[in-house]
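Have a look at target32.cif below; it lists mmCIF, C-alpha atoms.
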data_target
loop_
_atom_site.group_PDB
_atom_site.id
_atom_site.type_symbol
_atom_site.label_atom_id
_atom_site.label_comp_id
_atom_site.auth_asym_id
_atom_site.auth_seq_id
_atom_site.Cartn_x
_atom_site.Cartn_y
_atom_site.Cartn_z
ATOM 1 C CA MET F 1 -252.345 67.495 197.772
ATOM 2 C CA ASN F 2 -253.934 65.610 194.920
ATOM 3 C CA ARG F 3 -252.540 62.475 193.319
ATOM 4 C CA ARG F 4 -251.151 64.321 190.284
ATOM 5 C CA SER F 5 -249.156 66.864 192.338
ATOM 6 C CA PHE F 6 -247.862 64.086 194.610
ATOM 7 C CA LEU F 7 -246.548 62.058 191.677
ATOM 8 C CA ALA F 8 -244.960 65.130 190.103
ATOM 9 C CA GLY F 9 -243.224 66.022 193.353
ATOM 10 C CA SER F 10 -241.997 62.453 193.831
ATOM 11 C CA ALA F 11 -240.583 62.381 190.307
ATOM 12 C CA ALA F 12 -238.720 65.619 190.966
ATOM 13 C CA VAL F 13 -237.166 64.213 194.124
ATOM 14 C CA VAL F 14 -236.072 61.026 192.339
ATOM 15 C CA ALA F 15 -234.614 62.938 189.395
ATOM 16 C CA ALA F 16 -232.789 65.542 191.464
ATOM 17 C CA PRO F 17 -229.793 63.383 192.465
ATOM 18 C CA ALA F 18 -229.204 62.319 188.861
ATOM 19 C CA LEU F 19 -229.340 65.889 187.607
ATOM 20 C CA ALA F 20 -227.094 67.154 190.405
ATOM 21 C CA ALA F 21 -224.537 64.336 190.202
ATOM 22 C CA ALA F 22 -221.120 65.745 189.338
ATOM 23 C CA ALA F 23 -219.052 64.168 186.600
ATOM 24 C CA VAL F 24 -216.272 61.896 187.846
ATOM 25 C CA GLN F 25 -213.076 63.923 188.119
ATOM 26 C CA PRO F 26 -209.863 62.103 187.134
ATOM 27 C CA ASP F 27 -206.569 62.386 188.982
ATOM 28 C CA PHE F 28 -204.929 63.776 185.828
ATOM 29 C CA ASP F 29 -205.798 64.944 182.366
ATOM 30 C CA VAL F 30 -203.118 62.670 180.891
ATOM 31 C CA VAL F 31 -201.028 59.744 182.157
ATOM 32 C CA ILE F 32 -197.779 59.267 180.241
ATOM 33 C CA VAL F 33 -196.097 55.865 180.380
ATOM 34 C CA GLY F 34 -192.342 56.126 179.940
ATOM 35 C CA ALA F 35 -189.830 58.906 180.643
ATOM 36 C CA GLY F 36 -187.744 58.444 177.524
ATOM 37 C CA ALA F 37 -187.426 60.945 174.697
ATOM 38 C CA ALA F 38 -191.006 60.384 173.470
ATOM 39 C CA GLY F 39 -192.500 60.614 176.960
ATOM 40 C CA ILE F 40 -190.613 63.804 177.759
ATOM 41 C CA ALA F 41 -191.616 65.314 174.403
ATOM 42 C CA ALA F 42 -195.262 64.497 175.142
ATOM 43 C CA ALA F 43 -194.941 66.012 178.622
ATOM 44 C CA ARG F 44 -193.572 69.268 177.234
ATOM 45 C CA ARG F 45 -196.474 69.583 174.800
ATOM 46 C CA ILE F 46 -199.064 68.803 177.463
ATOM 47 C CA ALA F 47 -197.470 71.211 179.943
ATOM 48 C CA ALA F 48 -197.529 73.952 177.304
ATOM 49 C CA ALA F 49 -201.266 73.324 176.910
ATOM 50 C CA GLY F 50 -201.769 73.827 180.637
ATOM 51 C CA ARG F 51 -202.976 70.298 181.329
ATOM 52 C CA LYS F 52 -202.353 68.246 184.471
ATOM 53 C CA PHE F 53 -200.273 65.123 183.854
ATOM 54 C CA VAL F 54 -197.926 62.584 185.391
ATOM 55 C CA ILE F 55 -195.142 60.462 183.876
ATOM 56 C CA LEU F 56 -194.865 56.878 185.108
ATOM 57 C CA GLU F 57 -191.382 55.431 184.593
ATOM 58 C CA ALA F 58 -190.530 51.818 185.398
ATOM 59 C CA SER F 59 -186.802 52.433 185.969
ATOM 60 C CA ASP F 60 -185.065 54.758 188.420
ATOM 61 C CA ARG F 61 -184.008 57.367 185.834
ATOM 62 C CA TRP F 62 -185.250 59.369 182.880
ATOM 63 C CA GLY F 63 -183.958 59.110 179.324
ATOM 64 C CA GLY F 64 -184.986 55.607 178.271
ATOM 65 C CA ARG F 65 -182.419 54.427 175.730
ATOM 66 C CA CYS F 66 -180.512 57.701 176.124
ATOM 67 C CA PHE F 67 -178.333 56.979 179.152
ATOM 68 C CA THR F 68 -175.376 59.246 179.900
ATOM 69 C CA ASP F 69 -172.992 57.804 182.507
ATOM 70 C CA MET F 70 -171.083 60.575 184.321
ATOM 71 C CA ARG F 71 -169.495 58.378 187.000
ATOM 72 C CA THR F 72 -167.459 55.651 185.305
ATOM 73 C CA PHE F 73 -164.996 57.928 183.500
ATOM 74 C CA ARG F 74 -165.978 61.251 185.140
ATOM 75 C CA VAL F 75 -166.928 62.594 181.731
ATOM 76 C CA ALA F 76 -170.077 62.125 179.666
ATOM 77 C CA TYR F 77 -170.064 58.514 178.454
ATOM 78 C CA GLU F 78 -173.043 57.324 176.442
ATOM 79 C CA ARG F 79 -174.269 53.885 177.428
ATOM 80 C CA GLY F 80 -177.178 54.140 175.014
ATOM 81 C CA ALA F 81 -177.996 56.350 172.051
ATOM 82 C CA ARG F 82 -175.214 58.771 171.135
ATOM 83 C CA TRP F 83 -175.658 59.769 167.482
ATOM 84 C CA VAL F 84 -177.712 62.799 166.451
ATOM 85 C CA TYR F 85 -178.362 62.077 162.777
ATOM 86 C CA MET F 86 -179.105 64.832 160.268
ATOM 87 C CA PRO F 87 -178.538 67.589 162.872
ATOM 88 C CA ASP F 88 -179.700 70.360 160.537
ATOM 89 C CA ALA F 89 -183.205 68.870 160.519
ATOM 90 C CA ASN F 90 -183.208 66.901 163.783
ATOM 91 C CA PRO F 91 -185.326 68.610 166.481
ATOM 92 C CA MET F 92 -183.137 67.089 169.189
ATOM 93 C CA ALA F 93 -180.115 68.996 167.882
ATOM 94 C CA LYS F 94 -182.090 72.240 167.857
ATOM 95 C CA LEU F 95 -183.300 71.666 171.420
ATOM 96 C CA ALA F 96 -179.740 70.914 172.531
ATOM 97 C CA VAL F 97 -178.388 74.153 171.097
ATOM 98 C CA LYS F 98 -181.279 76.124 172.590
ATOM 99 C CA ALA F 99 -180.524 74.570 175.982
ATOM 100 C CA GLY F 100 -176.890 75.633 175.749
ATOM 101 C CA PHE F 101 -175.439 72.198 174.957
ATOM 102 C CA ASN F 102 -172.511 71.683 172.609
ATOM 103 C CA VAL F 103 -173.432 69.785 169.428
ATOM 104 C CA TYR F 104 -170.519 69.062 167.100
ATOM 105 C CA PRO F 105 -169.977 66.951 163.943
ATOM 106 C CA VAL F 106 -168.778 63.385 164.320
ATOM 107 C CA PRO F 107 -165.038 63.280 163.541
ATOM 108 C CA SER F 108 -164.405 61.902 160.056
ATOM 109 C CA GLY F 109 -161.448 59.725 161.078
ATOM 110 C CA GLN F 110 -162.921 56.810 163.038
ATOM 111 C CA ARG F 111 -160.556 54.243 164.569
ATOM 112 C CA LEU F 112 -161.132 50.525 164.917
ATOM 113 C CA ARG F 113 -159.737 48.774 167.958
ATOM 114 C CA ILE F 114 -158.533 45.167 167.821
ATOM 115 C CA GLY F 115 -157.786 44.050 171.326
ATOM 116 C CA LEU F 116 -155.556 46.701 172.917
ATOM 117 C CA ARG F 117 -154.329 48.284 169.685
ATOM 118 C CA ASN F 118 -155.631 50.288 166.753
ATOM 119 C CA ALA F 119 -156.354 48.356 163.576
ATOM 120 C CA ARG F 120 -153.685 48.441 160.910
ATOM 121 C CA GLU F 121 -154.325 49.888 157.472
ATOM 122 C CA GLY F 122 -154.915 46.483 155.901
ATOM 123 C CA GLU F 123 -157.334 45.516 158.666
ATOM 124 C CA MET F 124 -159.278 48.760 158.169
ATOM 125 C CA GLU F 125 -159.560 47.987 154.461
ATOM 126 C CA ASP F 126 -160.848 44.500 155.259
ATOM 127 C CA PHE F 127 -163.337 45.957 157.732
ATOM 128 C CA TYR F 128 -164.838 48.439 155.264
ATOM 129 C CA ALA F 129 -164.822 45.899 152.431
ATOM 130 C CA ASN F 130 -166.776 43.371 154.524
ATOM 131 C CA LEU F 131 -169.133 46.079 155.781
ATOM 132 C CA LEU F 132 -169.878 47.037 152.177
ATOM 133 C CA ARG F 133 -170.472 43.388 151.247
ATOM 134 C CA CYS F 134 -172.920 42.973 154.143
ATOM 135 C CA ASN F 135 -174.902 46.101 153.266
ATOM 136 C CA ARG F 136 -175.132 44.997 149.637
ATOM 137 C CA ALA F 137 -176.239 41.494 150.662
ATOM 138 C CA ILE F 138 -179.008 42.923 152.840
ATOM 139 C CA SER F 139 -180.134 45.223 150.005
ATOM 140 C CA ASP F 140 -180.195 42.270 147.585
ATOM 141 C CA ALA F 141 -182.228 40.188 150.033
ATOM 142 C CA ALA F 142 -184.711 43.038 150.458
ATOM 143 C CA ARG F 143 -185.586 42.848 146.762
ATOM 144 C CA GLY F 144 -187.067 39.381 147.205
ATOM 145 C CA LYS F 145 -190.756 38.630 147.608
ATOM 146 C CA VAL F 146 -190.352 37.263 151.131
ATOM 147 C CA ASP F 147 -188.763 39.304 153.887
ATOM 148 C CA VAL F 148 -185.887 37.779 155.866
ATOM 149 C CA SER F 149 -183.833 38.992 158.787
ATOM 150 C CA CYS F 150 -180.617 40.882 158.170
ATOM 151 C CA GLY F 151 -178.792 38.059 159.931
ATOM 152 C CA GLN F 152 -180.022 35.562 157.352
ATOM 153 C CA ALA F 153 -178.986 37.878 154.524
ATOM 154 C CA LEU F 154 -175.317 38.234 155.512
ATOM 155 C CA PRO F 155 -172.709 36.553 153.317
ATOM 156 C CA LYS F 156 -171.831 33.052 154.514
ATOM 157 C CA ASP F 157 -168.065 33.447 154.030
ATOM 158 C CA LEU F 158 -167.369 36.319 156.456
ATOM 159 C CA GLY F 159 -165.247 34.049 158.618
ATOM 160 C CA ASP F 160 -163.792 35.770 161.684
ATOM 161 C CA TRP F 161 -165.356 39.077 160.596
ATOM 162 C CA ARG F 162 -168.914 37.814 161.095
ATOM 163 C CA PRO F 163 -169.287 38.655 164.835
ATOM 164 C CA THR F 164 -167.888 42.148 164.161
ATOM 165 C CA MET F 165 -170.262 42.751 161.248
ATOM 166 C CA GLU F 166 -173.228 41.472 163.249
ATOM 167 C CA PHE F 167 -172.424 43.845 166.103
ATOM 168 C CA VAL F 168 -171.616 46.929 163.992
ATOM 169 C CA ILE F 169 -174.723 46.652 161.809
ATOM 170 C CA GLY F 170 -176.988 45.242 164.516
ATOM 171 C CA GLU F 171 -176.585 46.237 168.144
ATOM 172 C CA PHE F 172 -174.265 49.188 167.483
ATOM 173 C CA GLY F 173 -176.075 50.610 164.466
ATOM 174 C CA CYS F 174 -179.685 49.646 165.119
ATOM 175 C CA GLY F 175 -179.875 48.726 168.793
ATOM 176 C CA LYS F 176 -181.106 45.216 167.993
ATOM 177 C CA PRO F 177 -179.540 41.873 166.972
ATOM 178 C CA LEU F 178 -179.551 41.363 163.200
ATOM 179 C CA SER F 179 -181.836 38.371 163.696
ATOM 180 C CA ASP F 180 -184.541 40.819 164.871
ATOM 181 C CA ILE F 181 -184.144 43.348 162.037
ATOM 182 C CA SER F 182 -186.111 43.117 158.785
ATOM 183 C CA ALA F 183 -183.947 43.234 155.669
ATOM 184 C CA MET F 184 -186.676 45.172 153.862
ATOM 185 C CA ASP F 185 -186.967 47.743 156.643
ATOM 186 C CA PHE F 186 -183.197 48.102 156.855
ATOM 187 C CA ALA F 187 -182.883 48.642 153.104
ATOM 188 C CA LYS F 188 -185.667 51.237 153.107
ATOM 189 C CA SER F 189 -184.323 53.189 156.075
ATOM 190 C CA ALA F 190 -183.082 56.688 155.274
ATOM 191 C CA GLU F 191 -179.388 57.264 154.720
ATOM 192 C CA ARG F 192 -177.881 58.783 157.848
ATOM 193 C CA GLU F 193 -174.408 59.770 156.765
ATOM 194 C CA ILE F 194 -174.387 63.159 158.528
ATOM 195 C CA ALA F 195 -174.209 62.809 162.289
ATOM 196 C CA ALA F 196 -173.269 64.813 165.347
ATOM 197 C CA PHE F 197 -172.489 64.262 169.009
ATOM 198 C CA CYS F 198 -173.772 66.113 172.065
ATOM 199 C CA ARG F 199 -170.773 66.754 174.283
ATOM 200 C CA GLN F 200 -172.732 66.756 177.542
ATOM 201 C CA GLY F 201 -174.656 63.619 176.544
ATOM 202 C CA LEU F 202 -178.137 62.914 175.208
ATOM 203 C CA GLY F 203 -179.263 61.531 178.562
ATOM 204 C CA THR F 204 -178.160 64.752 180.231
ATOM 205 C CA LEU F 205 -180.031 66.753 177.608
ATOM 206 C CA LEU F 206 -183.251 64.808 178.174
ATOM 207 C CA GLY F 207 -182.883 65.368 181.902
ATOM 208 C CA LYS F 208 -182.761 69.104 181.348
ATOM 209 C CA LEU F 209 -185.741 68.989 178.989
ATOM 210 C CA ALA F 210 -187.670 66.975 181.582
ATOM 211 C CA PHE F 211 -186.844 69.362 184.443
ATOM 212 C CA GLY F 212 -189.971 70.288 186.370
ATOM 213 C CA SER F 213 -192.093 67.465 184.945
ATOM 214 C CA PRO F 214 -193.846 65.289 187.540
ATOM 215 C CA ILE F 215 -192.142 61.912 187.108
ATOM 216 C CA GLN F 216 -192.824 58.897 189.314
ATOM 217 C CA PHE F 217 -189.758 56.634 189.084
ATOM 218 C CA SER F 218 -189.731 52.893 189.808
ATOM 219 C CA SER F 219 -193.403 52.854 188.814
ATOM 220 C CA PRO F 220 -193.962 50.140 186.214
ATOM 221 C CA VAL F 221 -197.445 50.246 184.727
ATOM 222 C CA THR F 222 -198.927 46.761 184.969
ATOM 223 C CA ARG F 223 -202.418 47.482 183.645
ATOM 224 C CA ILE F 224 -204.169 50.070 181.515
ATOM 225 C CA GLU F 225 -207.930 49.918 181.197
ATOM 226 C CA TRP F 226 -210.262 52.298 179.475
ATOM 227 C CA GLY F 227 -213.956 52.322 178.936
ATOM 228 C CA GLY F 228 -216.462 55.072 179.368
ATOM 229 C CA GLN F 229 -215.002 58.458 180.232
ATOM 230 C CA LEU F 230 -211.749 57.673 182.060
ATOM 231 C CA VAL F 231 -208.540 55.698 181.666
ATOM 232 C CA GLU F 232 -207.159 53.680 184.575
ATOM 233 C CA ALA F 233 -203.442 52.995 184.917
ATOM 234 C CA GLU F 234 -202.232 50.703 187.679
ATOM 235 C CA THR F 235 -198.734 50.956 189.135
ATOM 236 C CA ARG F 236 -197.417 49.458 192.376
ATOM 237 C CA GLY F 237 -200.948 48.584 193.466
ATOM 238 C CA THR F 238 -202.245 52.121 192.980
ATOM 239 C CA VAL F 239 -204.805 52.971 190.315
ATOM 240 C CA LEU F 240 -204.544 56.411 188.718
ATOM 241 C CA THR F 241 -207.311 57.843 186.562
ATOM 242 C CA ALA F 242 -207.013 60.224 183.626
ATOM 243 C CA ARG F 243 -208.897 61.441 180.601
ATOM 244 C CA ALA F 244 -206.240 59.993 178.292
ATOM 245 C CA ALA F 245 -203.086 57.875 178.351
ATOM 246 C CA ILE F 246 -200.001 58.115 176.171
ATOM 247 C CA VAL F 247 -197.872 54.954 176.074
ATOM 248 C CA THR F 248 -194.329 55.701 174.892
ATOM 249 C CA ALA F 249 -192.614 52.460 175.875
ATOM 250 C CA SER F 250 -190.480 51.037 173.075
ATOM 251 C CA THR F 251 -191.814 48.265 170.864
ATOM 252 C CA GLY F 252 -189.772 45.788 172.879
ATOM 253 C CA VAL F 253 -191.402 46.696 176.218
ATOM 254 C CA PRO F 254 -193.287 44.576 176.970
ATOM 255 C CA PRO F 255 -192.281 42.025 174.322
ATOM 256 C CA ASN F 256 -195.650 40.267 174.358
ATOM 257 C CA ALA F 257 -197.950 43.276 174.681
ATOM 258 C CA GLY F 258 -199.942 42.337 171.606
ATOM 259 C CA SER F 259 -200.773 38.864 172.907
ATOM 260 C CA ARG F 260 -201.637 40.067 176.402
ATOM 261 C CA CYS F 261 -203.922 42.954 175.477
ATOM 262 C CA ALA F 262 -207.574 42.064 175.507
ATOM 263 C CA SER F 263 -209.661 43.166 172.601
ATOM 264 C CA ILE F 264 -210.259 46.859 171.977
ATOM 265 C CA ALA F 265 -213.794 48.121 171.765
ATOM 266 C CA ASP F 266 -215.424 47.760 168.376
ATOM 267 C CA ARG F 267 -215.767 51.509 168.136
ATOM 268 C CA TYR F 268 -211.977 51.742 167.556
ATOM 269 C CA PRO F 269 -211.712 49.658 164.364
ATOM 270 C CA ARG F 270 -208.738 51.598 162.973
ATOM 271 C CA THR F 271 -206.444 51.042 165.906
ATOM 272 C CA VAL F 272 -203.233 49.049 165.454
ATOM 273 C CA ASP F 273 -204.034 45.639 163.986
ATOM 274 C CA GLY F 274 -204.684 43.053 166.663
ATOM 275 C CA LEU F 275 -204.525 45.566 169.533
ATOM 276 C CA ARG F 276 -207.970 46.563 170.697
ATOM 277 C CA PRO F 277 -208.412 49.150 173.533
ATOM 278 C CA ARG F 278 -210.312 48.142 176.577
ATOM 279 C CA SER F 279 -207.882 46.463 178.936
ATOM 280 C CA CYS F 280 -204.176 45.803 178.560
ATOM 281 C CA SER F 281 -202.013 44.004 181.105
ATOM 282 C CA MET F 282 -198.293 44.622 180.806
#
Translate this file's structure into structure tokens.
Amino acid sequence: MNRRSFLAGSAAVVAAPALAAAAVQPDFDVVIVGAGAAGIAAARRIAAAGRKFVILEASDRWGGRCFTDMRTFRVAYERGARWVYMPDANPMAKLAVKAGFNVYPVPSGQRLRIGLRNAREGEMEDFYANLLRCNRAISDAARGKVDVSCGQALPKDLGDWRPTMEFVIGEFGCGKPLSDISAMDFAKSAEREIAAFCRQGLGTLLGKLAFGSPIQFSSPVTRIEWGGQLVEAETRGTVLTARAAIVTASTGVPPNAGSRCASIADRYPRTVDGLRPRSCSM
């Protein structure tokens, strides 16, 4: 064997492992964080595409903010979202009907309870008059150059009606205190006059839509890291790998995600402002 053939053979031996090395195989094609409506919707699309996925849910149930309680009153009682707005165009209403659920219009005659009794006619008039004043005040505030919270925009002379208005417009209508809701965003939000209820409950509906999906409950994701080919998601001390991750947690979970996410790689300049993919601790 001459020197040239020896060097060529040695180079082939050295190169062989690199050429034969198999690509790293992830545990899943996609990791989905959150088993609420968005997470379940993502799971259905991914399942239809024939991909392998897992849903990681921090709580012990599916549905997220759609939570149907069947135990307290032995009938479907919504402890979270209950309104299906614009049912003719809302995909949730169409899925409910397709699944055999009963979707019906919200009754036009709503009652207001004051303590243990129904509100009197005069009290109902006061309620609607103050509600109209509050909505107008928020709309007026939204026309300014500087945005303020809806709470700041409310009339100052609401008196005893103020807590009721804050709850009806805030937590009941938007799921957030008025102090956390932008007056500009509220004023620009679409009118949602037409609404429907799902008799069996939205949480029950999401459970049926999620049936068969691989969900790991009580599995809060504490870290997501991506770089190179794979994404790593850590939950309960276990690291799962995937080709992609879909985070569907609400904007309030975690509340400080933006400040605790390390910078995203420079090759993702169009990602959400201030949130740069690479490593995110939750």
**Message:** Excluding Arg79 in chain F and its own-chain neighbours fewer than 5 positions away, which residues fall within 9 Å of it when counting all atoms listed in the file? Please give them as number ranges by chain.
**Reply:** F: 65-69
**Asked** So which residues touch range 56-64 of chain F within 8 Å, counting only C-alpha atoms, skipping near sequence neighbours fewer than 6 positions away, as number ranges by chain?
**Response** F: 31-37, 203, 206-207, 215-221
Written selection (C-alpha atoms) as an mmCIF file, in the coordinates of the input:
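So selection_14.cif came out as:
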data_model
loop_
_atom_site.group_PDB
_atom_site.id
_atom_site.type_symbol
_atom_site.label_atom_id
_atom_site.label_comp_id
_atom_site.auth_asym_id
_atom_site.auth_seq_id
_atom_site.Cartn_x
_atom_site.Cartn_y
_atom_site.Cartn_z
ATOM 1 C CA VAL F 31 -201.028 59.744 182.157
ATOM 2 C CA ILE F 32 -197.779 59.267 180.241
ATOM 3 C CA VAL F 33 -196.097 55.865 180.380
ATOM 4 C CA GLY F 34 -192.342 56.126 179.940
ATOM 5 C CA ALA F 35 -189.830 58.906 180.643
ATOM 6 C CA GLY F 36 -187.744 58.444 177.524
ATOM 7 C CA ALA F 37 -187.426 60.945 174.697
ATOM 8 C CA GLY F 203 -179.263 61.531 178.562
ATOM 9 C CA LEU F 206 -183.251 64.808 178.174
ATOM 10 C CA GLY F 207 -182.883 65.368 181.902
ATOM 11 C CA ILE F 215 -192.142 61.912 187.108
ATOM 12 C CA GLN F 216 -192.824 58.897 189.314
ATOM 13 C CA PHE F 217 -189.758 56.634 189.084
ATOM 14 C CA SER F 218 -189.731 52.893 189.808
ATOM 15 C CA SER F 219 -193.403 52.854 188.814
ATOM 16 C CA PRO F 220 -193.962 50.140 186.214
ATOM 17 C CA VAL F 221 -197.445 50.246 184.727
#
**Request:** For the structure provided, state which residues fall under the PyMOL selection byres ((chain F and resi 176-184) around 7), and present them as a ChimeraX atom specification.
**Result:** /F:138,141-142,147-151,166,170-171,174-175,185-188
**Prompt:** Quick one, how far is CA of Glu125 in chain F from CA of Phe172 in chain F?
**Reply:**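 So the answer is 19.7 Å.
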**Asked** If you measure from CA of Thr204 in chain F to CA of Lys94 in chain F, what distance in Å do you get, rounded to one decimal?
**Response**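 Between CA of Thr204 in chain F and CA of Lys94 in chain F the gap works out to 15.0 Å.
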**Message:** Using only C-alpha atoms, can you tell me which of F:Val97, F:Ile169, F:Ile46, F:Ala38 comes closest to Thr248 in chain F?
**Reply:** F:Ala38
**Request:** To verify the selection step, state as a PyMOL selection string which residues the PyMOL selection byres ((chain F and resi 158) around 12) yields on this input.
**Result:** chain F and resi 126-127+129-134+137+153-157+159-166
**Prompt:** Taking all atoms listed in the file into account, which of F:Ile224, F:Leu230, F:Ile55, F:Ala99 comes nearest Cys198 in chain F?
**Reply:**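 Checking each of F:Ile224, F:Leu230, F:Ile55, F:Ala99 against Cys198 in chain F, counting all atoms listed in the file, the winner is F:Ala99.
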**Prompt:** Can you tell me how far CA of Arg136 in chain F sits from CA of Val168 in chain F, in Å to one decimal?
**Reply:**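 Value for the CA of Arg136 in chain F-CA of Val168 in chain F distance: 14.9 Å.
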**Message:** On this structure, the PyMOL selection byres ((chain F and resi 104) around 6) would catch which residues? List them as number ranges by chain, sorted by chain and number.
**Reply:** F: 103, 105, 196-197
